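Chemist: I have a structure I would like to understand better, so I am pasting it below and will then ask my questions one at a time.
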Amino acid sequence: MLKKSSEKNKETEVSSDCSPVNLNQALSTSLEKNIETLKAIFIDDDTIATRWITNCHNTILQYCIVQNDGLVSSVIINENIIKPLMLSEALLNKGQQIDTLIQQVLLVNQVKRTKEWQEIIEAVTYGDTVLFVDGEKEALLLNSKGFNVRGIDEPSGEKILSGPREGFCEALMINLSLVKRRLRTNELKIKFQSLGVRTHTQVCICYIDSIVNKKVLEELQQRLEKIEIDGVLDSHYITECIRDSKWSPFRATGYTERPDVVVAKLLEGRVALFVDGSPVALTLPYLFIENFQSNEDYYLSFYYTSFERILRILSFLLTLMIPSIFILIVAFHHEILPTTLLINIARERLGVPLPAGLEAVIMLILFDILKETGIRLPSGIGQALSIVGALVIGQAAVEAKLVAAPMVVIIATTAITGLLVPKLNAPIVYIRLLLLALSSTLGLLGFILGLAGVLIHILNLYSFGIPQLTPMEHLRYQEVKDIYIRGPWWKMMNRPSKLTKNKKRLENADRGDCD
Amino acid sequence: MIKQGEVVTNERGIVMQKEMISMRQAICMITLFLFGNSALMGMGSGMGQDAWIAIVIGAVLGSLISLVYARVIRLFPERNLYDIAQAIFGKIIGKLIIVLMTWYAIHLAALVLRNYSEFIQIVALEETPQLAMMIVMLLITGYMAFSGIEVLSKWVVIAIVLVFMVVLFTVVLSIKQVTLTNILPVMTHDFAAVGSASLKLFAFPFAETVIFLALADSIKKSDNPYKIYLYGIFIGAMILIVTFLRNLMILGVPTLEKAYFPSYTAARIINIGELFSRIEITIFYNLILGGIAKISICLFAAIKGTEILFNIKSNKKIVFFISFIILLVSRYQYNSVMEMIKFIDIYQVYAVPFQIVIPVLVWIGAEIKTRKKRKTT
Amino acid sequence: MLTGVIAIKRLFSILLIISLCLLLSGCWNYQGLNKISIVSGVAIDRNVDNHNYQLTIEVFDLSGSGKEGGTKSQIVEAEGATIYDAVRNAKKRLTKKLYFSDMQLVVISNQIAREEGIQPILDWFMRNEKPRETFATVISQEKTAKEILTASGVDHKIVAEEIEKILDADNRTTASTKNIDTYKAMNILQGKEGNALVLPAVHCTSNQDKKVVEVNGCAIFKGDRLLGYLSPEETRYYLFAVDEIEGGILTFPFNEKNQDTQDNLTFEIFKNKTKRSYSYDGNRLKVFFDIKTTVALGEVGIDIDVSKKDNIEKIKTVAVTVFSDRLQTVIKKVQTEFGCDVFEIGTMISKKDPALWSQLKENWNIYFQGIDVEVRPEFEIINTALTK
């Protein structure tokens with residue numbers, strides 16, 4: 001896989017490793033020489049095709065277009081580039097054609113003049129056509145992109161019951177178009193950058209000028225500039241380079257594949273980061289509560305979604321704590337249970353060979369294996385797998401007295417509650433095991449200390465200078481409305497306070513109606 | 001430590017100013033600090049049903065001395081005790097004061113730690129060696145101290161909400177078990193006895209708030225230190241009194257006096273409808289939270305002192321080192337629980353220089369110095 | 001900190017040390033459920049021959065599958081010089097460790113209670129953190145305490161649990177015995193208010209030719225020595241005096257002539273409030289019990305129309321007389337026969353007037369025998385159930 005390059009490489013030096021051509025040279029006026037240089041640059045790349053054209057009215061004028069087969073749209077090249085070049089009567093003088101070409105001949109919507117070989121390389125590799133004109137020292141870069149992208153459909157990881165179902169695809173401009181259509185304001189700023197020493201991936205920062213926190217923006221710029229990496233294939237590559245708390249398993253930036261989510265976050269003063277080639281957009285800064293929020297919360301009734309949100313927070317806590325609490329009860333503090341329950345559980349555990357802690361760990365790992373297999377499997381085998389899982393682990397293992405029935409119930413509950421908050425599945429796995437280990441050795445003390453330690457860790461999480469747990473520890477009315485419950489829209493007067501100074505969201509809120 | 005107004009880039013790569021805590025967070029810290037140890041050890045001190053009067057008097061005395069503490073903070077805003085001592089008394093005596101107060105912080109942390117590990121050993125984990133428990137507790141408090149005072153104060157705010165809920169919960173649930181007349185007769189003990197009990201309570205826990213002077217550089221200039229201390233002591237005393245009364249009314253005087261850990265014993269008895277029985281686990285966890293808070297605060301004060309003393313910046317090594325010292329002191333200071341209980345009698349005398357003498361000296365020095373400054377300006 | 005490889009090595013070694021500390025030492029307190037034997041009740045006797053304590057411990061028997069008929073119990077016997085000694089000696093014949101946190105009952109033989117006192121026995125149960133302080137202590141009226149635990153219950157197969165449940169519901173249903181948590185009993189024993197301890201008493205009867213246990217009044221103690229018993233009837237009146245009654249029934253004869261032969265009327269008690277007060281005129285102490293009871297007429301064995309107000313008044317008057325008489329008899333019996341303050345009069349005085357109490361408390365027991373108690377009961381009949 002692509003590795004981060006550890007030396008401070010200038011791009012030209014890298015290129016000079018693989019091609020002996022000096023990219024700093026100027027273009028020559030001779031068409032043949034330019035094409036030779038180009039062919040030398042792209043030696044051994046058989047998809048770069050050249051086409052020589054001569055104007056039919058003035059046969060002295062010669063042109064050559066360079067196209068990247070597969071990335072270009074033949075229609076555009078034929079109709080809009082070759083045809084006008086061949087048939088145009090406007091071109092007269094060799095040596096002064098560029099302006100005429102641009103203004104009167106070429107039927108292309110985006111034209112760029114260049115004298116740099118580096119720009120020519122970047123253009124060709126992305127699907128632009130390069131036009132070399134005999135007698136000119138400049139080349140023209142013409143927009144003729146025509147590659148295929150996946151269609152816009154609902155992202156499978158973020159399904160909702162009702163609401164917009166568009167999701168991002170892998171092309172940067174299409175993704176941006178989805179966002180721009182929803183934010184029809186001139187305050188939406190979009191700035192491009194290029195990352196990745198070999199891949200030159202286009203990265204784009206979006207924000208709403210009047211709302212965004214300028215400090216965060218500056219910080220982001222600084223961090224992006226510091227990135228030195230071989231290639232950027234996906235937004236996650238960038239995340240790990242720019243995030244705070246680098247060693248923490250918790251997220252420090254938000255990921256989403258939905259344009260409505262991105263727009264909602266932009267409206268709260270956040271910054272969005274798009275990466276060409278990835279349908280996942282990053283939003284930052286990221287607050288801890290966003291792990292529990294879903295965009296669907298805002299499309300359904302607020303009573304229902306408040307309940308759902310509390311349920312999500314609860315299930316996060318439960319999935320961390322249930323195995324540990326069970327071990328705690330069964331191995332250390334038997335006095336917590338009422339007598340009847342204690343007797344039932346004791347009876348179940350009577351014939352089981354393994355101590356409870358070990359059993360819990362094995363079952364947890366087994367469940368994670370099952371889950372992982374379920375994700376990666378081709379769909380046909382999924383059925384058989386669920387049967388195997390249910391029968392083998394559930395039924396047969398219990399009857400063979402390899403595991404105790406209460407343990408299966410506990411682990412199943414843990415697994416299900418864990419699936420309710422997918423954004424936190426990374427930390428959950430580790431923290432669960434850690435708490436389990438602590439409570440198996442030190443009982444209740446270990447459990448409480450583990451929880452306290454996790455809380456300290458979460459309090460330590462920062463996202464671009466803003467502590468992640470920001471609104472949650474205050475319990476102020478304005479904040480609670482969007483944290484633990486989802487208050488109705490006519491009550492949401494302010495934006496989250498730490499994200500932006502421009503707090504007032506609605507001018508006339510809290511009148512019970514939404515004008 | 002970072003000086004006021006200094007802008008640094010910490011290890012997270014964030015540019016930040018010196019960490020400040022808000023007034024609300026400071027009050028919560030004092031409250032949880034007071035709750036920590038005392039709810040565990042109980043405040044009986046032989047007074048039977050009149051101990052709540054002793055608590056009230058102890059709280060009043062504590063408020064008096066806290067006026068001195070607050071005044072010191074007022075005179076030198078946004079600086080901590082160590083800075084102030086050096087500014088007033090010069091290098092040598094200042095350093096001496098720093099050494100003494102740092103030692104006090106370490107010893108206090110060790111005392112609390114030992115209290116807790118004894119409690120856990122008697123009540124829950126009998127066979128686990130106390131050393132293991134202490135190590136794990138020190139790991140967590142070390143992590144907390146290392147994370148900085150802002151994290152500590154936020155943690156305390158969250159913890160105190162949980163503590164309040166549990167206290168409320170147990171008080172409400174104990175209604176069935178409560179014998180209201182347990183509090184009568186009032187004042188069977190004479191004033192001398194109540195007085196000496198109040199002095200004991202003054203030393204432990206109310207005057208231990210002197211530790212907060214070492215953290216005073218995180219309190220904003222605009223906040224009123226008097227309010228912080230008084231509110232903190234008031235709310236802390238309230239919770240302690242409520243806890244004590246609940247224990248008294250459930251247990252009755254003889255059981256209360258005999259129990260080492262009355263809150264725990266009281267919680268075992270609460271039983272409503274078979275569903276809400278066996279809730280002593282919540283008390284357990286309440287007490288541990290209080291303990292973590294108190295040890296973290298003391299650890300913090302000790303680390304600051306060491307930094308200023310040896311002029312080094314805060315990092316993992318210091319935390320580790322100080323924690324280790326606390327561990328040693330904790331392990332070897334008593335041989336048994338009985339000695340631990342006995343020590344409280346000695347403690348009220350031993351703590352006087354730290355709780356009263358040094359702060360008063362600093363206060364007088366501070367007054368003189370500010371007066372001199374005002375004369376010259 | 002140091003960078004690179006050294007940092008990783010250091011981190012790794014620290015982690016290793018910590019995890020070794022925690023894991024390899026074997027999780028000291030880890031006690032799987034299959035290693036403990038849950039105790040439900042203990043019966044304590046004194047072995048006459050070697051003067052040891054003889055414990056009969058009833059544990060839950062986990063070997064059944066639980067689906068048929070509920071949990072059974074097993075009996076384990078143990079012997080030792082002290083209670084703790086006996087408990088540990090039980091391990092000599094048990095694979096699992098005895099677990100006392102769910103213990104609900106301690107039965108003490110009347111022989112020990114009479115001759116030695118119960119405080120040394122209860123000390124272990126209160127000091128050890130495992131037993132819950134809310135368990136019940138009863139006195140066995142049979143020859144040994146063991147017979148109580150080895151008899152069977154009618155409902156459950158676990159005798160201790162059954163007795164405890166009966167005791168729990170008693171003052172709401174039958175009011176024939178006293179229900180007291182052991183920690184409160186210890187409070188009384190160690191308190192300075194001159195209170196005398198009252199514990200429930202249990203005996204065996206036969207039910208369908210099987211020996212079953214039944215609560216049977218209460219046992220009166222002086223200090224921690226057993227003095228005697230009150231019958232279930234007498235205990236009911238005692239409960240009125242100490243304001244612990246919450247249910248139960250009262251039966252009266254309606255006519256004078258039925259006095260000794262037949263009870264015709266039955267009151268069902270709903271609520272009761274006993275206000276106690278006293279007056280002291282320098283010499284004599286006079287105590288007043290104001291008893292206000294809300295009842296329903298549950299059973300009328302004579303031919304009388306109870307919807308008429310006059311009849312109700314008549315019934316009330318008769319009830320008041322009979323009740324006062326019977327309560328006075330109980331009080332007198334306690335004063336003369338036992339001579340210890342079971343009515344918590346000492347507590348009342350000590351809380352209301354500590355100065356007076358410090359005067360009287362010296363010879364309180366003797367003083368108590370001469371106190372004049374005036375009983376002022378009042379009944380309020382709220383309904384007569386379904387018929388007139």
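If you're wondering about the labels, chains in the structure tokens are A, B, ... by order shown, residues count from 1 in each chain, ligands from 1 in order shown.
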For region 111-127 of chain C, work out the shell of residues within 6 Å, counting only C-alpha atoms and skipping chain neighbours fewer than 5 positions away, then give it as a list of chain:residue names.
Modeler: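 Here the qualifying residues turn out to be C:Asp224, C:Arg225, C:Leu226.
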Chemist: Could you please select, counting only C-alpha atoms, the residues of chain B within 10 Å of chain C and state them as a PyMOL selection string?
Modeler: chain B and resi 122-129+132-133+135-136+181-188+250-256+258-259+265-266+268-271+278+315-317
Chemist: Please identify all residues of chain A having at least one atom at most 10 Å from any atom of chain B, considering only C-alpha atoms, and return them as a VMD selection string.
Modeler: chain A and resid 219 223 243 to 246 332 to 333 335 to 338 438 441 to 467 469 to 470 472 to 475
Chemist: Near chain A, meaning an atom within 6 Å, which residues of chain C appear when counting only C-alpha atoms? Write them as a PyMOL selection string.
Modeler: chain C and resi 27+30-34+62+101
Chemist: Taking only region 179-362 of chain B into account, list the residues labelled strand (DSSP E or B) by DSSP (computed from the backbone), as a PyMOL selection string.
Modeler: chain B and resi 219+271-272+276-277
Chemist: Can you list, as a ChimeraX atom specification, every residue of region 404-486 of chain A that DSSP puts in helix (DSSP H, G or I)?
Modeler: /A:405-419,422-459,471-473,477-483
Chemist: Identify which of the residues B:Ala237, B:Ile211, B:Ile344, B:Leu131 lies closest to Trp103 (chain B), counting only C-alpha atoms when measuring atom-to-atom distances.
Modeler: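 Closest residue, counting only C-alpha atoms: B:Ile211.
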Chemist: Write out as a CSV table (one decimal) with C-alpha atoms, in the first residue's frame each polymer residue whose atoms come within 8 Å of His51 (chain C), counting only C-alpha atoms; drop sequence neighbours fewer than 4 positions from it.
Modeler:
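Produced file result-v7.csv, reproduced below:
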chain,number,residue,atom,x,y,z
C,46,ARG,CA,-25.0,-25.9,72.4
C,47,ASN,CA,-23.6,-29.4,72.5
C,81,ALA,CA,-15.8,-23.6,70.0
Chemist: CA of Lys159 (chain A) and CA of Val408 (chain A), how far apart in Å?
Modeler: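 Going from CA of Val408 (chain A) over to CA of Lys159 (chain A) covers 29.2 Å.
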Chemist: Counting only C-alpha atoms, which of B:Arg331, B:Lys176, B:Lys200, B:Lys220 gets nearest to Ile57 (chain B)?
Modeler: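 The closest residue to Ile57 (chain B) is B:Lys200.
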Chemist: As an exercise, work out the distance from CA of Ile242 (chain A) to CA of Gln222 (chain A) in Å and give it to one decimal place.
Modeler: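 Atom-to-atom, CA of Ile242 (chain A) to CA of Gln222 (chain A), that is 9.4 Å.
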Chemist: With only C-alpha atoms as the atoms that count, which of B:Thr376, B:Ser63, B:Ser198, B:Gln333 lies nearest to Asp345 (chain B)?
Modeler: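 Looking at the shortest contact to Asp345 (chain B), the residue is B:Ser198.
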Chemist: Just to confirm, what's the straight-line distance from CA of Ile356 (chain B) to CA of Ala105 (chain B) in Å (one decimal)?
Modeler: 14.5 Å
Chemist: Pick out the residues sitting within 8 Å of region 286-302 of chain C, and hand them over as number ranges by chain; count only C-alpha atoms, and ignore anything fewer than 3 positions along from it in its own chain.
Modeler: C: 240-241, 264-280, 371-385
Chemist: For region 28-36 of chain A, work out the shell of residues within 10 Å, counting only C-alpha atoms and skipping chain neighbours fewer than 5 positions away, then give it as an mmCIF file with C-alpha atoms, in the first residue's frame.
Modeler:
data_model
loop_
_atom_site.group_PDB
_atom_site.id
_atom_site.type_symbol
_atom_site.label_atom_id
_atom_site.label_comp_id
_atom_site.auth_asym_id
_atom_site.auth_seq_id
_atom_site.Cartn_x
_atom_site.Cartn_y
_atom_site.Cartn_z
ATOM 1 C CA ILE A 41 7.644 11.781 -20.326
ATOM 2 C CA PHE A 42 4.934 9.250 -20.866
ATOM 3 C CA THR A 50 -1.659 11.750 -29.957
ATOM 4 C CA TRP A 52 -2.086 15.356 -35.502
ATOM 5 C CA GLN A 62 -0.484 22.164 -37.516
ATOM 6 C CA TYR A 63 -1.794 21.014 -34.231
ATOM 7 C CA CYS A 64 -1.481 17.999 -32.096
ATOM 8 C CA ILE A 65 -3.784 16.891 -29.345
ATOM 9 C CA VAL A 66 -2.752 14.554 -26.620
ATOM 10 C CA GLY A 95 2.917 32.251 -33.962
ATOM 11 C CA LYS A 115 3.919 26.744 -20.170
ATOM 12 C CA TRP A 117 5.213 20.520 -18.217
ATOM 13 C CA PHE A 132 0.073 21.764 -28.836
ATOM 14 C CA VAL A 133 0.219 24.414 -31.498
ATOM 15 C CA ASP A 134 3.029 24.538 -33.946
ATOM 16 C CA GLY A 135 4.961 27.745 -33.493
ATOM 17 C CA GLU A 136 3.617 28.585 -30.041
ATOM 18 C CA LYS A 137 5.412 28.345 -26.784
ATOM 19 C CA GLU A 138 2.257 27.672 -24.860
ATOM 20 C CA ALA A 139 0.045 24.675 -24.755
#
Chemist: So that I can see what lies close to Val212 (chain A), please list as a PyMOL selection string the residues with an atom at most 8 Å from it, counting only C-alpha atoms and leaving out residues fewer than 2 positions away in the same chain.
Modeler: chain A and resi 207-210+214+217+266+268-271+499-500
Chemist: I need the residues from that last selection saved to file as an mmCIF file, in the first residue's frame (with N, CA and C atoms), if you can.
Modeler:
data_model
loop_
_atom_site.group_PDB
_atom_site.id
_atom_site.type_symbol
_atom_site.label_atom_id
_atom_site.label_comp_id
_atom_site.auth_asym_id
_atom_site.auth_seq_id
_atom_site.Cartn_x
_atom_site.Cartn_y
_atom_site.Cartn_z
ATOM 1 N N TYR A 207 -16.671 25.717 3.329
ATOM 2 C CA TYR A 207 -17.191 26.286 4.563
ATOM 3 C C TYR A 207 -18.092 27.458 4.224
ATOM 4 N N ILE A 208 -18.877 27.853 5.196
ATOM 5 C CA ILE A 208 -19.741 29.018 5.009
ATOM 6 C C ILE A 208 -19.076 30.185 5.717
ATOM 7 N N ASP A 209 -18.772 31.192 4.956
ATOM 8 C CA ASP A 209 -17.846 32.222 5.434
ATOM 9 C C ASP A 209 -18.299 32.927 6.690
ATOM 10 N N SER A 210 -19.579 33.282 6.744
ATOM 11 C CA SER A 210 -19.982 34.116 7.873
ATOM 12 C C SER A 210 -20.155 33.327 9.155
ATOM 13 N N LYS A 214 -12.964 30.829 12.307
ATOM 14 C CA LYS A 214 -11.783 31.085 11.488
ATOM 15 C C LYS A 214 -10.543 30.409 12.026
ATOM 16 N N LEU A 217 -10.308 26.993 10.761
ATOM 17 C CA LEU A 217 -9.924 27.005 9.354
ATOM 18 C C LEU A 217 -8.421 27.144 9.203
ATOM 19 N N LEU A 266 -22.312 22.127 7.767
ATOM 20 C CA LEU A 266 -21.766 23.404 7.345
ATOM 21 C C LEU A 266 -22.564 24.548 7.959
ATOM 22 N N GLU A 268 -23.816 24.622 10.721
ATOM 23 C CA GLU A 268 -23.530 24.808 12.137
ATOM 24 C C GLU A 268 -22.169 25.420 12.348
ATOM 25 N N GLY A 269 -21.498 25.710 11.274
ATOM 26 C CA GLY A 269 -20.211 26.362 11.420
ATOM 27 C C GLY A 269 -19.035 25.436 11.247
ATOM 28 N N ARG A 270 -19.277 24.248 10.740
ATOM 29 C CA ARG A 270 -18.162 23.338 10.567
ATOM 30 C C ARG A 270 -17.541 23.494 9.190
ATOM 31 N N VAL A 271 -16.438 22.796 9.001
ATOM 32 C CA VAL A 271 -15.738 22.794 7.722
ATOM 33 C C VAL A 271 -15.843 21.389 7.150
ATOM 34 N N LEU A 499 -18.532 26.044 18.518
ATOM 35 C CA LEU A 499 -18.130 25.890 17.137
ATOM 36 C C LEU A 499 -17.995 27.217 16.427
ATOM 37 N N THR A 500 -18.783 28.178 16.844
ATOM 38 C CA THR A 500 -18.794 29.401 16.079
ATOM 39 C C THR A 500 -19.199 30.544 16.979
#
Chemist: Can you pull out the residues contacting Gly290 (chain B)? Cut-off 8 Å, using only C-alpha atoms, and skip same-chain residues under 6 positions away; I want them as a PDB file with C-alpha atoms, in the first residue's frame.
Modeler:
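The resulting file, selection_31.pdb, is shown below:
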ATOM      1  CA  LEU B  32     -16.582  16.656  45.887  1.00  0.00           C
ATOM      2  CA  PHE B  33     -13.309  17.080  47.719  1.00  0.00           C
ATOM      3  CA  PHE B  35     -17.458  14.587  50.240  1.00  0.00           C
ATOM      4  CA  GLY B  36     -14.706  12.208  49.241  1.00  0.00           C
ATOM      5  CA  ASN B  37     -13.185  10.898  52.364  1.00  0.00           C
TER       6      ASN B  37
END
Chemist: Name the closest residue to Thr336 (chain C) among the candidates C:Leu356, C:Ala90, C:Ile139, C:Ile366; distances are taken between atoms, counting only C-alpha atoms.
Modeler: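 The closest residue to Thr336 (chain C) is C:Ile366.
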